[in-house]
Amino acid sequence: MPRNTSINSVLIIGSGPIVIGQACEFDYSGSQAALSLKEEGIEVSIINSNPATIMTDKVIADHVYLLPLTCESIEQILQEQQIDAVLPTMGGQTALNLCIEASERGIWEKYNVQVIGVDVAAIEKTENREAFRQLMVDIGVGVAPSKIANSFLEGKEAAQNIGFPLVIRPSYTLGGTGGGFVHKKEDFEAALSRGLQASPTHEVLVEQAVLGWKEFELELLRDGNDNVIIICTIENFDPMGIHTGDSITVAPGMTLSDRCYQEMRNQAIKMMRAIGNFAGGCNVQFSVNPENEDIIAIEINPRVSRSSALASKATGYPIAKIASKLAIGYNLDEIENQITKTTSAYFEPTLDYVIVKVPRWNFAKFKGANRELGLQMKSVGEVMAIGRTFIEALQKACQSLEIGRHGLGADGKQLRNLEEIMYSLEHPSSDRLFHIKDAFELGVPLESIRKATHIDKWFLQQIQELVTLETELRRYQLNNIPKDFFITLKQKGYSDEQIAWLLGNVTEDEVYNRRKELGIRRVYKMVDTCAAEFPAQTPYYYSTFEEENESIASDRKKIIVLGSGPNRIGQGIEFDYSCVHGLLAAKEAGYESIMVNCNPETVSTDFNMADKLYFEPVYWEHVREIIELEKPVGVIVQLGGQTALKMAEQLESNGIRIIGTSFQDMDLAEDRGRFSDLLKSLDIPYPKYGVAESAEEALEVAKNVGYPVLVRPSYVLGGERMSIVINDEELETAVVKLLRNLPGNRVLIDHFLDRAEEAESDSISDGDDVHIIGMMEHIEPAGIHSGDSSAVLPPFSLSENVQEKMAEYTIKLAKALNVRGLLNIQFAIKDEKVYVIEANPRASRTVPFIAKAYDVPYVNIATKVMLGTNKLKDFTIARKLKGYAIKEPIFSFDKFPDVDKQLGPEMKSTGEAIRFIKDLDDPFFREMVAKKSMYLSK
């Protein structure tokens, strides 16, 4: 049937600040849904408290409400806007919980608002563990033996009846919070207590643990005619026992028999139909016994899930976009296929390639954390890679992670201690994938690895084959590798860097040049959803090594935007926001915009955001060959955080134009020692500092600058490896540790300004004029990373003199660094004297916050300035902020209860929220002021 014409205005509920377990995949889903509804002439309002996302931008929705996700905020919106329907399925568990609460309070009924895309009763059936278990029993779908418990006594009785090992699953929690395995009776009471406390309803499911079974996810869509299609089948590389968010996943399923797959499909459809009568998306998780392929249901989510973004990028089928159209009444056969433009959306995608997702962890930020993976999600981001085979995609994913690896091993970072390797295989953590390869290299039999990991034999054989190939490669020298074998290596995903390391005494460039001589070059294949059965219209590509190249470079002038790679602490969704605006600005300026990124959660990797998308690692070898094919006017590195910036030197040395601030000027700001020299020449105050290359030199520097001192390496991200020390012993330990982890780097030692205030400015420069887009005052003092500090825009207690000095130094530095584009500067203020701590000539973490607070598209303006199509004087900038905006950092310490929660120079927050206040009498603001006074008086 055609769309429901009674729906002319829709409210989309967002997911709020990014936390572990609920990240920017919902920003992607919400953005796609909003744009999809606007296509239908529907007025879209969004509520979300996250300022860092593109979802809360005027380019996405008609009305954006940056408000706390509460029922009070919902009522405020419903009083201001004539809302016909609410779509709560795009904002994860947060949005669903708020929808239920509003329903229970009668808010939707009071304002005559329909809930679309989900049945509220269905949410209750899926989130309530006992209701879900009973429903599965009623419809004949297998489940593990389990019992619900609302008290300590009930939990103990359940454990006694079921037997160990057990799983504890709290009801109504996010990312597996409070859940876990219990292998021994003596550990049960503590685990049960944790689970009961984590559940908002004080309820847990005590379930038999099916350890070692395989895990699968299916993404489904259903329309109002009860037509159901399976969009994607995702197989977990890791067995049951590891949260899907922490598991390596593969699409399509690699080890399923057709009989088992068909049975799983049938059960998934039966489950979706049983939980309620709604049109939209659904995620179902199953476990499969590897011995006999018995299937049991794990859970069902009647909403767009964490995996929906991955499935959309994996298949090219825009799940959130189609789900939102289904929610307003369309049926699948009435919606156009977004890829072919000639067929309908009522089809199941077919993949002629393989997708591998690998999570990205940040355990270094959570010192003392238990790194073993389990039911509670711990990863902070993920990468996705596309290849013609599983092993090619897996190696590309390893290159995408930005953890210093050049693929799956073969890069000099192997572990050689057999005891440590076997422990790692049995106790999975972030390195287990690499340690599987290390085990094969040491000769550990495949069956021993399978028993230790419970990973399917097929996957292990794929990794074992790499060891055989590497043994053969070592027989050759670069100039006599047979061409066919060279092609095989590249088809197996080996980077030039890996091949160089395996050969020894050979550089990456030499390998690259040799394969070019042999005519071995990357070609690009289109992601088309239908295995080329129908012509695809969407320029969405991945690379491989075959004959035919499907990416034909146009003769238009082009700009490549390098993305920010996987989310991690210190580099989050705010950089993807900047990349999206960069793409839009480049289009507006008349350029063909090309995106290179590997993060499946983000809007920048939506296939219709750029003119052309390369879903590839932001890794030099891959970027280099895309540039050789496309021949762009230049590359923008300023918007993708440290990921893109660190490629600037290679671009410069290869004669590739960097759009905006030059590499030399960016490098001057990044090199802490040279930057301090610049400040001295400009007569800008800065903390006393020195540079050391050994512990002995560091002690001498500390003597000169005076304790306490801030110890840090050059070129850091999110305050990584920075520390404040107060004596020689602490300094020596810190310096030795830094030089061991970062050999060849210099250590910067700055005098730490104790009890100083901290502030920062963001600005845009076109080479002639400098426009300060915002100055923020921090609540926390200097010494706490700016990403972990609450920031107030504009400053509320800094004197006029201090603000004038901040403005003066900002303009001086913008000109001295020859900035073209964005510049962020951080200041320390002590006794009314303003010191510059650091300057970053790039998009900063705070630019989206300022843009949302003032309602000005600053990144769009900065991009056009970088491109040289506009000067600052061409723009009329009118700020709309009345009162103050406060940026509040959000932490995920609940995932790591035993870690050090003390804040310091190394960033630990996973996200942020924005709050607006009208004046200084606001109770929340008074609390902030009192907090600042307390910090400065300590």
# chains A, B, ... in the order shown; residues from 1 in each chain; ligands from 1
>>> select_by_dssp(residues="stretch 21-101 of chain A", states="strand (DSSP E)", output="PyMOL selection string")
chain A and resi 43-47+63-65+85-87
>>> residues_around(residues="A:Ser789", least_positions_apart="4", cutoff="7 Å", atoms="only C-alpha atoms", output="list in words")
His778, Ile779, Glu780, Ile784, His785 and Pro889 of chain A
>>> closest_residue(among="A:Ile825, A:Val747, A:Leu881, A:Ile275", to="A:Gln134", atoms="only C-alpha atoms")
A:Ile275
>>> residues_around(residues="stretch 514-520 of chain A", least_positions_apart="5", cutoff="8 Å", atoms="only C-alpha atoms", output="number ranges by chain")
A: 478-479, 483, 486-487, 545
>>> atom_distance(atom1="atom CA of A:Ser723", atom2="atom CA of A:Arg740")
15.4 Å
>>> closest_atom_pairs(of="stretch 534-621 of chain A", to="stretch 28-34 of chain A", cutoff="8 Å", atoms="only C-alpha atoms", output="JSON lines")
{"residue": "A:Glu601", "atom": "CA", "partner": "A:Tyr28", "partner_atom": "CA", "distance": 6.4}
{"residue": "A:Thr602", "atom": "CA", "partner": "A:Tyr28", "partner_atom": "CA", "distance": 5.5}
{"residue": "A:Val603", "atom": "CA", "partner": "A:Tyr28", "partner_atom": "CA", "distance": 5.0}
>>> residues_around(residues="A:Ser543", least_positions_apart="6", cutoff="12 Å", atoms="only C-alpha atoms", output="PyMOL selection string")
chain A and resi 353-354+385-389+392-393+396+490-491+493+521-527+549-551+596+613-617+621-623+625-626+629
>>> closest_residue(among="A:Lys901, A:Ala756, A:Val701, A:Ala734", to="A:Asp788", atoms="only C-alpha atoms")
A:Lys901
>>> residues_around(residues="A:Thr177", least_positions_apart="5", cutoff="10 Å", atoms="only C-alpha atoms", output="list in words")
Ile20, Gly21, Arg169, Pro170, Ser171, Tyr172, Arg194, Gly195, Ala198, Ser199, Leu375, Gln376, Met377, Lys378, Asp894 and Lys895 of chain A
>>> write_last_selection(atoms="all heavy atoms", output="compact mmCIF listing (two decimals), in the first residue's frame")
# COMPACT_ATOMS: atom_id res chain seq x y z
N ILE A 20 30.37 2.78 25.32
CA ILE A 20 30.68 1.43 24.85
C ILE A 20 29.39 0.61 24.84
O ILE A 20 28.69 0.54 25.84
CB ILE A 20 31.76 0.78 25.74
CG1 ILE A 20 33.10 1.50 25.57
CG2 ILE A 20 31.91 -0.71 25.41
CD1 ILE A 20 34.19 1.01 26.49
N GLY A 21 29.07 0.04 23.71
CA GLY A 21 27.83 -0.72 23.56
C GLY A 21 26.81 0.00 22.72
O GLY A 21 25.86 -0.60 22.23
N ARG A 169 22.29 -13.16 32.34
CA ARG A 169 21.89 -12.10 31.41
C ARG A 169 20.88 -11.18 32.09
O ARG A 169 19.71 -11.53 32.24
CB ARG A 169 21.24 -12.71 30.16
CG ARG A 169 22.12 -13.65 29.35
CD ARG A 169 21.38 -14.10 28.09
NE ARG A 169 22.08 -15.16 27.40
CZ ARG A 169 23.04 -14.97 26.50
NH1 ARG A 169 23.42 -13.74 26.23
NH2 ARG A 169 23.63 -15.99 25.90
N PRO A 170 21.29 -9.97 32.48
CA PRO A 170 20.34 -9.02 33.08
C PRO A 170 19.34 -8.52 32.04
O PRO A 170 19.66 -8.39 30.86
CB PRO A 170 21.23 -7.87 33.56
CG PRO A 170 22.63 -8.42 33.57
CD PRO A 170 22.67 -9.46 32.50
N SER A 171 18.12 -8.24 32.48
CA SER A 171 17.09 -7.69 31.58
C SER A 171 17.30 -6.18 31.42
O SER A 171 17.77 -5.51 32.34
CB SER A 171 15.69 -7.95 32.16
OG SER A 171 15.40 -9.32 32.17
N TYR A 172 16.96 -5.68 30.24
CA TYR A 172 16.93 -4.24 29.93
C TYR A 172 18.29 -3.55 30.12
O TYR A 172 18.37 -2.45 30.65
CB TYR A 172 15.90 -3.51 30.79
CG TYR A 172 14.50 -4.04 30.66
CD1 TYR A 172 13.99 -4.95 31.59
CD2 TYR A 172 13.68 -3.67 29.60
CE1 TYR A 172 12.71 -5.46 31.47
CE2 TYR A 172 12.40 -4.18 29.47
CZ TYR A 172 11.92 -5.08 30.41
OH TYR A 172 10.65 -5.58 30.28
N ARG A 194 26.08 -8.81 40.76
CA ARG A 194 26.37 -7.80 39.74
C ARG A 194 25.23 -7.69 38.73
O ARG A 194 24.82 -6.61 38.32
CB ARG A 194 27.66 -8.13 38.99
CG ARG A 194 28.93 -7.63 39.65
CD ARG A 194 30.10 -7.64 38.66
NE ARG A 194 30.32 -8.91 38.01
CZ ARG A 194 31.06 -9.90 38.53
NH1 ARG A 194 31.64 -9.75 39.71
NH2 ARG A 194 31.22 -11.03 37.86
N GLY A 195 24.74 -8.85 38.28
CA GLY A 195 23.67 -8.87 37.28
C GLY A 195 22.38 -8.25 37.79
O GLY A 195 21.74 -7.47 37.09
N ALA A 198 22.73 -4.53 37.91
CA ALA A 198 22.81 -3.89 36.59
C ALA A 198 21.45 -3.74 35.95
O ALA A 198 21.21 -2.80 35.18
CB ALA A 198 23.73 -4.68 35.67
N SER A 199 20.52 -4.65 36.25
CA SER A 199 19.21 -4.61 35.61
C SER A 199 18.33 -3.56 36.27
O SER A 199 18.17 -3.55 37.50
CB SER A 199 18.52 -5.97 35.73
OG SER A 199 17.17 -5.86 35.33
N LEU A 375 30.85 -11.66 27.82
CA LEU A 375 29.50 -11.26 27.43
C LEU A 375 29.31 -9.75 27.48
O LEU A 375 28.35 -9.23 26.92
CB LEU A 375 28.47 -11.91 28.36
CG LEU A 375 28.26 -13.41 28.17
CD1 LEU A 375 27.14 -13.89 29.07
CD2 LEU A 375 27.93 -13.74 26.72
N GLN A 376 30.16 -9.05 28.20
CA GLN A 376 30.03 -7.60 28.31
C GLN A 376 30.94 -6.92 27.32
O GLN A 376 32.15 -7.12 27.32
CB GLN A 376 30.38 -7.16 29.74
CG GLN A 376 30.11 -5.69 30.00
CD GLN A 376 30.11 -5.38 31.48
OE1 GLN A 376 29.27 -5.89 32.22
NE2 GLN A 376 31.02 -4.56 31.92
N MET A 377 30.38 -6.13 26.43
CA MET A 377 31.14 -5.50 25.35
C MET A 377 32.19 -4.53 25.88
O MET A 377 31.93 -3.76 26.80
CB MET A 377 30.17 -4.78 24.42
CG MET A 377 30.82 -4.19 23.18
SD MET A 377 29.55 -3.54 22.07
CE MET A 377 30.55 -2.50 21.02
N LYS A 378 33.38 -4.54 25.28
CA LYS A 378 34.48 -3.68 25.72
C LYS A 378 35.12 -2.88 24.58
O LYS A 378 35.92 -1.99 24.84
CB LYS A 378 35.56 -4.53 26.41
CG LYS A 378 35.07 -5.21 27.68
CD LYS A 378 36.15 -6.07 28.34
CE LYS A 378 35.62 -6.72 29.61
NZ LYS A 378 36.65 -7.58 30.26
N ASP A 894 31.64 1.96 33.65
CA ASP A 894 30.85 0.82 34.13
C ASP A 894 31.27 -0.48 33.46
O ASP A 894 31.04 -1.56 33.99
CB ASP A 894 29.36 1.07 33.90
CG ASP A 894 29.03 1.28 32.43
OD1 ASP A 894 29.72 2.07 31.78
OD2 ASP A 894 28.07 0.65 31.93
N LYS A 895 31.92 -0.37 32.28
CA LYS A 895 32.39 -1.58 31.59
C LYS A 895 33.68 -2.11 32.21
O LYS A 895 34.07 -3.25 31.95
CB LYS A 895 32.65 -1.27 30.11
CG LYS A 895 31.42 -0.81 29.34
CD LYS A 895 30.40 -1.92 29.18
CE LYS A 895 29.23 -1.44 28.36
NZ LYS A 895 28.20 -2.47 28.21
>>> select_by_dssp(residues="stretch 330-375 of chain A", states="helix (DSSP H, G or I)", output="ChimeraX atom specification")
/A:332-334,363-365
>>> write_last_selection(atoms="N, CA and C atoms", output="PDB file, in the first residue's frame")
ATOM      1  N   LEU A 332       7.536  -3.374   0.583  1.00  0.00           N
ATOM      2  CA  LEU A 332       8.856  -3.551  -0.020  1.00  0.00           C
ATOM      3  C   LEU A 332       8.837  -3.435  -1.542  1.00  0.00           C
ATOM      4  N   ASP A 333       7.779  -3.965  -2.166  1.00  0.00           N
ATOM      5  CA  ASP A 333       7.750  -3.939  -3.624  1.00  0.00           C
ATOM      6  C   ASP A 333       7.406  -2.560  -4.194  1.00  0.00           C
ATOM      7  N   GLU A 334       7.086  -1.599  -3.314  1.00  0.00           N
ATOM      8  CA  GLU A 334       6.775  -0.236  -3.757  1.00  0.00           C
ATOM      9  C   GLU A 334       7.973   0.702  -3.640  1.00  0.00           C
ATOM     10  N   PHE A 363      42.191  -0.681  25.459  1.00  0.00           N
ATOM     11  CA  PHE A 363      42.499  -1.101  26.828  1.00  0.00           C
ATOM     12  C   PHE A 363      43.587  -0.236  27.476  1.00  0.00           C
ATOM     13  N   ALA A 364      44.456   0.360  26.653  1.00  0.00           N
ATOM     14  CA  ALA A 364      45.524   1.197  27.207  1.00  0.00           C
ATOM     15  C   ALA A 364      44.960   2.375  27.979  1.00  0.00           C
ATOM     16  N   LYS A 365      43.749   2.798  27.642  1.00  0.00           N
ATOM     17  CA  LYS A 365      43.115   3.921  28.341  1.00  0.00           C
ATOM     18  C   LYS A 365      42.514   3.513  29.673  1.00  0.00           C
TER      19      LYS A 365
END
>>> residues_around(residues="A:Gln664", least_positions_apart="6", cutoff="10 Å", atoms="only C-alpha atoms", output="list in words")
Ala648, Glu649, Glu652, Glu670, Leu817 and Asn818 of chain A
>>> atom_distance(atom1="atom CA of A:Ile295", atom2="atom CA of A:Phe181")
20.2 Å
>>> closest_residue(among="A:Thr315, A:Val86, A:Phe390, A:Glu465", to="A:Tyr540", atoms="only C-alpha atoms")
A:Thr315
>>> residues_around(residues="A:Gln81", least_positions_apart="2", cutoff="12 Å", atoms="only C-alpha atoms", output="list of chain:residue names")
A:Asn8, A:Ser9, A:Val10, A:Leu11, A:Glu43, A:Val44, A:Ser45, A:Ile46, A:Asp62, A:His63, A:Val64, A:Tyr65, A:Ile74, A:Glu75, A:Gln76, A:Ile77, A:Leu78, A:Gln79, A:Ile83, A:Asp84, A:Ala85, A:Tyr111, A:Val113
>>> closest_residue(among="A:Ala149, A:Asn513, A:Arg303, A:Ile60", to="A:Leu35", atoms="only C-alpha atoms")
A:Ile60
